[in-house]
Amino acid sequence: MAKSKGSLAWPAVWALAAGGMVGGGIYTALGVVIAVAGEWAWLSFLISGILAFCTAYSYCELSVQFDESGGAFRFMREINKNGIAGSLSWLLIIGYILTISVYAFAFGHYLSYALGTSTLITRAFALAIVACMVGLNLLGVTKTKNVEIIIVLVNLLALIALAIIGMMHWDSIQLTAGIEPRPWWSASIGAASIFMAYEGFQLLTYEYDEIKNPKKILKPTILYAVFFVIIIYILVALGATMLAGAIGLIDQKQVALSVAARQAIGWPGLLVMTIAAVFATAAAINSTLFSTSNLSKRVADDGELPSFFEHTNSKGIPDRSVILIGICAAVLAMIGKLSTLVEAASLVFIFTFGAVNVIAASRVKKSVKWIPVTGCVLACLIGLTLIARLAIISPVPLAILVFFIVIIIFFRPLLLKKTK
Amino acid sequence: MKRNLFIYIFISAFICCKSERNPTTQIKVINALQDVEKVEVTVKCENREAVFYPQFGTDQSFKVLPSGMANIDVKADGKLILHKEFGLGNAGKYTFLLEGVPGLSKKVNQQTFSDKLHTVFSGAESSQPNSFLPRIILIRDVTKVKSGQSKLRFINAFAGAEPLTLTITDKNNEKINFTQAYPAMGTFKPVSAGVYHLQLKFSNEQHAVIDENTNLKQGYFYTAVLTGDIIGNKRAKLLLLENKSENQ
């Protein structure tokens, strides 16, 4: 049961939800979505934002109904779908590993772009930040909410400033500068490819027990945060494109926001954006690593992961999970390609969000059923679009992901039986 | 501290908005179309027009047009083969690279089914090994180069050729490789300014197609474009396009 003595009031909940989304997503997603949707990139953020909004509603409804932390895994358990809960938890862990690798990738590239270092150093930075966050997690010094909130605010201020400066330079030709105009429906393909940029809000459902009066504040606060982030993403997508032009952001999509900030006000812009990106991605790695390792332990405690993951160190940290997740994420960040990592993570979260909306649709009041139903429909459409895109342009990563899903569904019970 | 940062950002924003915009753009055309005698490219933008007659595998000078949505018509030996639309951004600098084999094209903007799928799902990043139908690649000729350095990227515009590796060797015998299959465009690699030995080999052969020296100047960036004509037996040629860094 949730403790009513949680310490997080609504401003902190709002900041952590908004920060969880903005933390790493926009820094890597912008160039990817502009390449796909061109001048309709802003519409892509709106479409995936609507899915995020519906899903946030479903997450909040279910968290309040079950009155405990645990997110999608807990929801599945509560409705007695243990097998699906186990499979979903494994899939979610893969999604979080991909997400951490994207954040590490972004960290390395933003820092490296500002310092002008080589590709090798860029990847070394990605490795170093994951190693550093694994170390901090193992020492148990990660639950520093005030520091996280300050990072979120600085991050949001930098993005808002970039959006304002960009919008003051409004010239619609910049939306297609150097590219062929794209049809409006390409926005749906763009939405599918960057959905990961919205996944962060649901990390807060793992902190449900720490929220003060969650039944009252959770839903409105998270929904406002998602709405705010949709607006920020749309404005940043338009503003950054006004400054650097579409092809400028595509050419350097790994560091798109730094390119735009430098274009806006020169090196001070680059400096501010680098600081914002580096701290935001580091904080996002930290919180995702923390939540994922705790999820792994909880799932292992419930017998859905091998007991190997139940182990904790002297500080109560699930050390084996932290180390293993860190190693997997670091390897992906070292060898992965940005678009593929972002899209694979997006696919996992679209699938998970679809499942949460299905559960919510059967448990919410009739008058608001349309919200999770809209979420289900959008998740299906966006998910199928993303599968089609991956099948055509990145069949190998898709095949690897499908391979893991097959392993999870068919071999997970066997593996668990053996380890027991 | 936070307040000062705020004030600085908003003052900078104000200054930026007061600064003059440059509503023009520079363009040129590089012709890597195979087995064609005469190529004519017309670029129309905001009631202005620029016409190019690019020779196979040779560099051209930039022409200035207003920025805006441009219509581009490409004629090969008098027959319209490509009609495209591109946005030309403010203060932009672009090279239109024409590649493919027009003889295979039966209609304007012809694409295979696979090409179409890639265009739909990849958009601006679509570059899949195609059927050598004619196409336009837009190259952005703007980048920053660090002091004392130069930058180089390699584009394989030789339709029908196997993947190739461009190797540049400096005076200390240090090598940097750029491997590209048609029609992919590589990203910039920063290199120290100076004289380099350029060697271009097919990935599966020992014999060098191109073997020459070049000087990569500091503060400049270079786009090495490989052209060749597998049908007309024109010799493979490496075109080195030189541009000044935007911070010079």
# chains A, B, ... in the order shown; residues from 1 in each chain; ligands from 1
call {"tool": "residues_around", "arguments": {"residues": "Val41 in chain B", "least_positions_apart": "2", "cutoff": "6 Å", "atoms": "only C-alpha atoms", "output": "mmCIF file with all heavy atoms, in the first residue's frame"}}
result
data_model
loop_
_atom_site.group_PDB
_atom_site.id
_atom_site.type_symbol
_atom_site.label_atom_id
_atom_site.label_comp_id
_atom_site.auth_asym_id
_atom_site.auth_seq_id
_atom_site.Cartn_x
_atom_site.Cartn_y
_atom_site.Cartn_z
ATOM 1 N N VAL B 51 20.544 28.674 -64.866
ATOM 2 C CA VAL B 51 20.669 27.516 -65.761
ATOM 3 C C VAL B 51 22.126 27.053 -65.745
ATOM 4 O O VAL B 51 23.053 27.862 -65.815
ATOM 5 C CB VAL B 51 20.231 27.874 -67.192
ATOM 6 C CG1 VAL B 51 20.297 26.642 -68.094
ATOM 7 C CG2 VAL B 51 18.818 28.440 -67.196
ATOM 8 N N PHE B 52 22.309 25.753 -65.644
ATOM 9 C CA PHE B 52 23.656 25.162 -65.606
ATOM 10 C C PHE B 52 23.790 24.165 -66.754
ATOM 11 O O PHE B 52 22.844 23.459 -67.092
ATOM 12 C CB PHE B 52 23.874 24.402 -64.288
ATOM 13 C CG PHE B 52 23.790 25.248 -63.047
ATOM 14 C CD1 PHE B 52 22.562 25.526 -62.460
ATOM 15 C CD2 PHE B 52 24.936 25.756 -62.460
ATOM 16 C CE1 PHE B 52 22.477 26.285 -61.309
ATOM 17 C CE2 PHE B 52 24.861 26.520 -61.292
ATOM 18 C CZ PHE B 52 23.626 26.782 -60.723
ATOM 19 N N ASP B 73 14.688 21.314 -62.795
ATOM 20 C CA ASP B 73 14.462 20.450 -63.961
ATOM 21 C C ASP B 73 15.806 19.986 -64.487
ATOM 22 O O ASP B 73 16.708 20.799 -64.706
ATOM 23 C CB ASP B 73 13.737 21.218 -65.074
ATOM 24 C CG ASP B 73 12.276 21.435 -64.729
ATOM 25 O OD1 ASP B 73 11.744 20.684 -63.897
ATOM 26 O OD2 ASP B 73 11.676 22.383 -65.280
ATOM 27 N N VAL B 74 15.950 18.687 -64.701
ATOM 28 C CA VAL B 74 17.194 18.147 -65.260
ATOM 29 C C VAL B 74 16.880 17.496 -66.601
ATOM 30 O O VAL B 74 16.028 16.597 -66.670
ATOM 31 C CB VAL B 74 17.826 17.110 -64.308
ATOM 32 C CG1 VAL B 74 19.125 16.560 -64.900
ATOM 33 C CG2 VAL B 74 18.086 17.715 -62.944
#
call {"tool": "residues_around", "arguments": {"residues": "Gln218 in chain B", "least_positions_apart": "2", "cutoff": "10 Å", "atoms": "only C-alpha atoms", "output": "PyMOL selection string"}}
result
chain B and resi 145-151+191-194+215-216+220-221+244-245+248
call {"tool": "residues_around", "arguments": {"residues": "range 220-226 of chain A", "least_positions_apart": "5", "cutoff": "7 Å", "atoms": "only C-alpha atoms", "output": "PyMOL selection string"}}
result
chain A and resi 10+13-14+17-18+53+56-57
call {"tool": "write_last_selection", "arguments": {"atoms": "N, CA, C and O atoms", "output": "PDB file, in the first residue's frame"}}
result
ATOM      1  N   TRP A  10       3.561  18.308  -5.365  1.00  0.00           N
ATOM      2  CA  TRP A  10       3.289  18.374  -6.804  1.00  0.00           C
ATOM      3  C   TRP A  10       4.370  19.086  -7.635  1.00  0.00           C
ATOM      4  O   TRP A  10       4.634  18.644  -8.768  1.00  0.00           O
ATOM      5  N   VAL A  13       6.920  16.483  -8.304  1.00  0.00           N
ATOM      6  CA  VAL A  13       6.389  15.437  -9.187  1.00  0.00           C
ATOM      7  C   VAL A  13       6.338  15.946 -10.623  1.00  0.00           C
ATOM      8  O   VAL A  13       6.746  15.268 -11.573  1.00  0.00           O
ATOM      9  N   TRP A  14       5.880  17.184 -10.756  1.00  0.00           N
ATOM     10  CA  TRP A  14       5.797  17.793 -12.103  1.00  0.00           C
ATOM     11  C   TRP A  14       7.195  17.872 -12.735  1.00  0.00           C
ATOM     12  O   TRP A  14       7.387  17.484 -13.896  1.00  0.00           O
ATOM     13  N   ALA A  17       8.548  14.421 -13.659  1.00  0.00           N
ATOM     14  CA  ALA A  17       7.862  13.841 -14.828  1.00  0.00           C
ATOM     15  C   ALA A  17       8.309  14.541 -16.107  1.00  0.00           C
ATOM     16  O   ALA A  17       8.661  13.890 -17.103  1.00  0.00           O
ATOM     17  N   ALA A  18       8.322  15.887 -16.078  1.00  0.00           N
ATOM     18  CA  ALA A  18       8.751  16.645 -17.262  1.00  0.00           C
ATOM     19  C   ALA A  18      10.219  16.347 -17.570  1.00  0.00           C
ATOM     20  O   ALA A  18      10.596  16.121 -18.734  1.00  0.00           O
ATOM     21  N   PHE A  53      -0.066  11.296 -23.811  1.00  0.00           N
ATOM     22  CA  PHE A  53      -1.059  11.886 -22.913  1.00  0.00           C
ATOM     23  C   PHE A  53      -2.098  10.835 -22.499  1.00  0.00           C
ATOM     24  O   PHE A  53      -2.407  10.688 -21.313  1.00  0.00           O
ATOM     25  N   ALA A  56      -0.416   8.376 -20.238  1.00  0.00           N
ATOM     26  CA  ALA A  56      -0.171   8.948 -18.905  1.00  0.00           C
ATOM     27  C   ALA A  56      -1.453   8.884 -18.090  1.00  0.00           C
ATOM     28  O   ALA A  56      -1.419   8.552 -16.896  1.00  0.00           O
ATOM     29  N   TYR A  57      -2.573   9.168 -18.741  1.00  0.00           N
ATOM     30  CA  TYR A  57      -3.868   9.088 -18.057  1.00  0.00           C
ATOM     31  C   TYR A  57      -4.091   7.659 -17.542  1.00  0.00           C
ATOM     32  O   TYR A  57      -4.458   7.451 -16.392  1.00  0.00           O
TER      33      TYR A  57
END
call {"tool": "atom_distance", "arguments": {"atom1": "CA of Ile211 in chain A", "atom2": "CA of Ala12 in chain A"}}
result
9.0 Å
call {"tool": "interface_residues", "arguments": {"of": "chain A", "to": "chain B", "cutoff": "6 Å", "atoms": "only C-alpha atoms", "output": "ChimeraX atom specification"}}
result
/A:35-36,165,173-174,176-180,389
call {"tool": "residues_around", "arguments": {"residues": "Thr42 in chain B", "least_positions_apart": "3", "cutoff": "12 Å", "atoms": "only C-alpha atoms", "output": "JSON, numbers by chain"}}
result
{"B": [27, 28, 29, 39, 45, 48, 49, 50, 51, 52, 53, 54, 63, 65, 70, 71, 72, 73, 74, 75, 76, 80, 82, 83, 84, 85, 96]}
call {"tool": "select_by_dssp", "arguments": {"residues": "range 98-243 of chain B", "states": "strand (DSSP E or B)", "output": "VMD selection string"}}
result
chain B and resid 98 to 100 135 to 140 149 to 156 164 to 169 175 to 180 185 189 to 192 194 to 202 208 to 216 220 to 229 234 to 243
call {"tool": "residues_around", "arguments": {"residues": "range 379-381 of chain A", "least_positions_apart": "2", "cutoff": "12 Å", "atoms": "only C-alpha atoms", "output": "PyMOL selection string"}}
result
chain A and resi 47-55+188-189+191-192+195+346-358+372-377+383-388
call {"tool": "closest_residue", "arguments": {"among": "B:Ala157, B:Ile176, B:Ala184, B:Ile168", "to": "Tyr196 in chain B", "atoms": "only C-alpha atoms"}}
result
B:Ile168
call {"tool": "atom_distance", "arguments": {"atom1": "CA of Tyr198 in chain A", "atom2": "CA of Ala276 in chain A"}}
result
18.1 Å
call {"tool": "closest_residue", "arguments": {"among": "A:Ala391, A:Val102, A:Val64, A:Ala399", "to": "Asp209 in chain A", "atoms": "only C-alpha atoms"}}
result
A:Val64
call {"tool": "select_by_dssp", "arguments": {"residues": "range 24-244 of chain B", "states": "alpha helix (DSSP H)", "output": "list in words"}}
result
Phe113, Ser114, Asp115, Lys116, Leu117, His118, Thr119, Val120, Phe121 and Ser122 of chain B
call {"tool": "closest_residue", "arguments": {"among": "B:Gln180, B:Thr223, B:Asn172, B:Asn204", "to": "Asp59 in chain B", "atoms": "only C-alpha atoms"}}
result
B:Thr223
call {"tool": "residues_around", "arguments": {"residues": "Ile81 in chain B", "least_positions_apart": "6", "cutoff": "12 Å", "atoms": "only C-alpha atoms", "output": "PyMOL selection string"}}
result
chain B and resi 33+36+39-41+72-75+98-111+133-136
call {"tool": "atom_distance", "arguments": {"atom1": "CA of Ser63 in chain A", "atom2": "CA of Tyr208 in chain A"}}
result
7.6 Å
call {"tool": "residues_around", "arguments": {"residues": "Leu226 in chain B", "least_positions_apart": "5", "cutoff": "9 Å", "atoms": "only C-alpha atoms", "output": "number ranges by chain"}}
result
B: 32, 57, 154-158, 236-240
call {"tool": "closest_atom_pairs", "arguments": {"of": "range 137-179 of chain A", "to": "range 319-341 of chain A", "cutoff": "10 Å", "atoms": "only C-alpha atoms", "output": "tab-separated table"}}
result
residue	atom	partner	partner_atom	distance
A:Asn137	CA	A:Val322	CA	7.3
A:Leu138	CA	A:Asp319	CA	6.1
A:Leu139	CA	A:Asp319	CA	9.5
A:Gly140	CA	A:Asp319	CA	9.9
call {"tool": "decode", "arguments": {"residues": "range 29-45 of chain B", "atoms": "all heavy atoms", "output": "compact mmCIF listing (two decimals), in the first residue's frame"}}
result
# COMPACT_ATOMS: atom_id res chain seq x y z
N VAL B 29 26.04 22.79 -59.57
CA VAL B 29 25.62 21.45 -59.99
C VAL B 29 26.85 20.64 -60.38
O VAL B 29 27.73 21.16 -61.10
CB VAL B 29 24.65 21.51 -61.19
CG1 VAL B 29 24.25 20.11 -61.64
CG2 VAL B 29 23.41 22.32 -60.83
N ILE B 30 26.95 19.42 -59.92
CA ILE B 30 28.01 18.50 -60.35
C ILE B 30 27.34 17.35 -61.11
O ILE B 30 26.37 16.76 -60.62
CB ILE B 30 28.80 17.93 -59.16
CG1 ILE B 30 29.47 19.07 -58.37
CG2 ILE B 30 29.84 16.90 -59.61
CD1 ILE B 30 30.53 19.83 -59.11
N ASN B 31 27.86 17.09 -62.28
CA ASN B 31 27.24 16.09 -63.14
C ASN B 31 28.02 14.76 -63.10
O ASN B 31 29.16 14.69 -63.54
CB ASN B 31 27.21 16.65 -64.58
CG ASN B 31 26.78 15.62 -65.60
OD1 ASN B 31 26.21 14.60 -65.26
ND2 ASN B 31 27.04 15.92 -66.87
N ALA B 32 27.37 13.73 -62.55
CA ALA B 32 27.96 12.38 -62.58
C ALA B 32 27.04 11.43 -63.35
O ALA B 32 27.10 10.21 -63.15
CB ALA B 32 28.20 11.89 -61.16
N LEU B 33 26.17 12.00 -64.18
CA LEU B 33 25.26 11.16 -64.98
C LEU B 33 26.05 10.44 -66.07
O LEU B 33 26.88 11.05 -66.75
CB LEU B 33 24.17 12.02 -65.63
CG LEU B 33 23.13 12.64 -64.69
CD1 LEU B 33 22.28 13.66 -65.44
CD2 LEU B 33 22.26 11.56 -64.08
N GLN B 34 25.75 9.17 -66.24
CA GLN B 34 26.56 8.37 -67.17
C GLN B 34 25.93 8.31 -68.57
O GLN B 34 24.71 8.29 -68.71
CB GLN B 34 26.69 6.94 -66.63
CG GLN B 34 27.45 6.90 -65.32
CD GLN B 34 27.65 5.49 -64.84
OE1 GLN B 34 27.69 4.54 -65.62
NE2 GLN B 34 27.80 5.33 -63.54
N ASP B 35 26.83 8.26 -69.54
CA ASP B 35 26.44 8.04 -70.93
C ASP B 35 25.50 9.11 -71.46
O ASP B 35 24.49 8.82 -72.11
CB ASP B 35 25.78 6.65 -71.05
CG ASP B 35 25.82 6.15 -72.49
OD1 ASP B 35 26.72 6.59 -73.24
OD2 ASP B 35 24.94 5.36 -72.87
N VAL B 36 25.81 10.38 -71.13
CA VAL B 36 25.01 11.51 -71.63
C VAL B 36 25.95 12.54 -72.23
O VAL B 36 27.02 12.82 -71.67
CB VAL B 36 24.21 12.16 -70.46
CG1 VAL B 36 23.39 13.32 -70.97
CG2 VAL B 36 23.31 11.15 -69.79
N GLU B 37 25.57 13.10 -73.37
CA GLU B 37 26.41 14.12 -74.02
C GLU B 37 26.21 15.49 -73.38
O GLU B 37 27.14 16.18 -73.04
CB GLU B 37 26.05 14.20 -75.52
CG GLU B 37 26.48 13.00 -76.33
CD GLU B 37 27.99 12.81 -76.33
OE1 GLU B 37 28.70 13.82 -76.47
OE2 GLU B 37 28.45 11.67 -76.17
N LYS B 38 24.90 15.85 -73.23
CA LYS B 38 24.62 17.22 -72.78
C LYS B 38 23.59 17.21 -71.65
O LYS B 38 22.54 16.58 -71.76
CB LYS B 38 24.08 18.03 -73.97
CG LYS B 38 23.95 19.50 -73.70
CD LYS B 38 23.34 20.19 -74.91
CE LYS B 38 22.76 21.54 -74.50
NZ LYS B 38 21.82 22.04 -75.47
N VAL B 39 23.95 17.88 -70.57
CA VAL B 39 23.03 17.96 -69.42
C VAL B 39 22.68 19.43 -69.20
O VAL B 39 23.54 20.30 -69.22
CB VAL B 39 23.69 17.38 -68.15
CG1 VAL B 39 22.80 17.61 -66.93
CG2 VAL B 39 23.96 15.89 -68.33
N GLU B 40 21.40 19.69 -69.00
CA GLU B 40 20.94 21.06 -68.74
C GLU B 40 20.12 21.04 -67.46
O GLU B 40 19.19 20.26 -67.32
CB GLU B 40 20.09 21.56 -69.91
CG GLU B 40 19.61 22.98 -69.73
CD GLU B 40 18.63 23.40 -70.83
OE1 GLU B 40 18.81 22.98 -71.99
OE2 GLU B 40 17.68 24.12 -70.50
N VAL B 41 20.49 21.91 -66.52
CA VAL B 41 19.77 21.96 -65.24
C VAL B 41 19.24 23.38 -65.05
O VAL B 41 19.98 24.35 -65.12
CB VAL B 41 20.72 21.61 -64.06
CG1 VAL B 41 19.96 21.64 -62.74
CG2 VAL B 41 21.35 20.25 -64.28
N THR B 42 17.93 23.47 -64.82
CA THR B 42 17.31 24.77 -64.58
C THR B 42 16.77 24.79 -63.15
O THR B 42 16.02 23.91 -62.75
CB THR B 42 16.14 25.01 -65.54
OG1 THR B 42 16.59 24.73 -66.87
CG2 THR B 42 15.63 26.44 -65.47
N VAL B 43 17.22 25.79 -62.40
CA VAL B 43 16.73 25.95 -61.02
C VAL B 43 15.93 27.25 -60.95
O VAL B 43 16.47 28.33 -61.22
CB VAL B 43 17.91 26.00 -60.01
CG1 VAL B 43 17.39 26.07 -58.59
CG2 VAL B 43 18.82 24.80 -60.19
N LYS B 44 14.64 27.13 -60.64
CA LYS B 44 13.77 28.31 -60.54
C LYS B 44 13.39 28.51 -59.08
O LYS B 44 12.94 27.58 -58.42
CB LYS B 44 12.50 28.10 -61.35
CG LYS B 44 12.69 28.18 -62.84
CD LYS B 44 11.36 27.98 -63.53
CE LYS B 44 11.63 27.71 -65.02
NZ LYS B 44 10.55 27.01 -65.67
N CYS B 45 13.56 29.76 -58.63
CA CYS B 45 13.22 30.04 -57.24
C CYS B 45 12.80 31.50 -57.11
O CYS B 45 13.55 32.40 -57.53
CB CYS B 45 14.45 29.75 -56.36
SG CYS B 45 14.08 29.76 -54.63
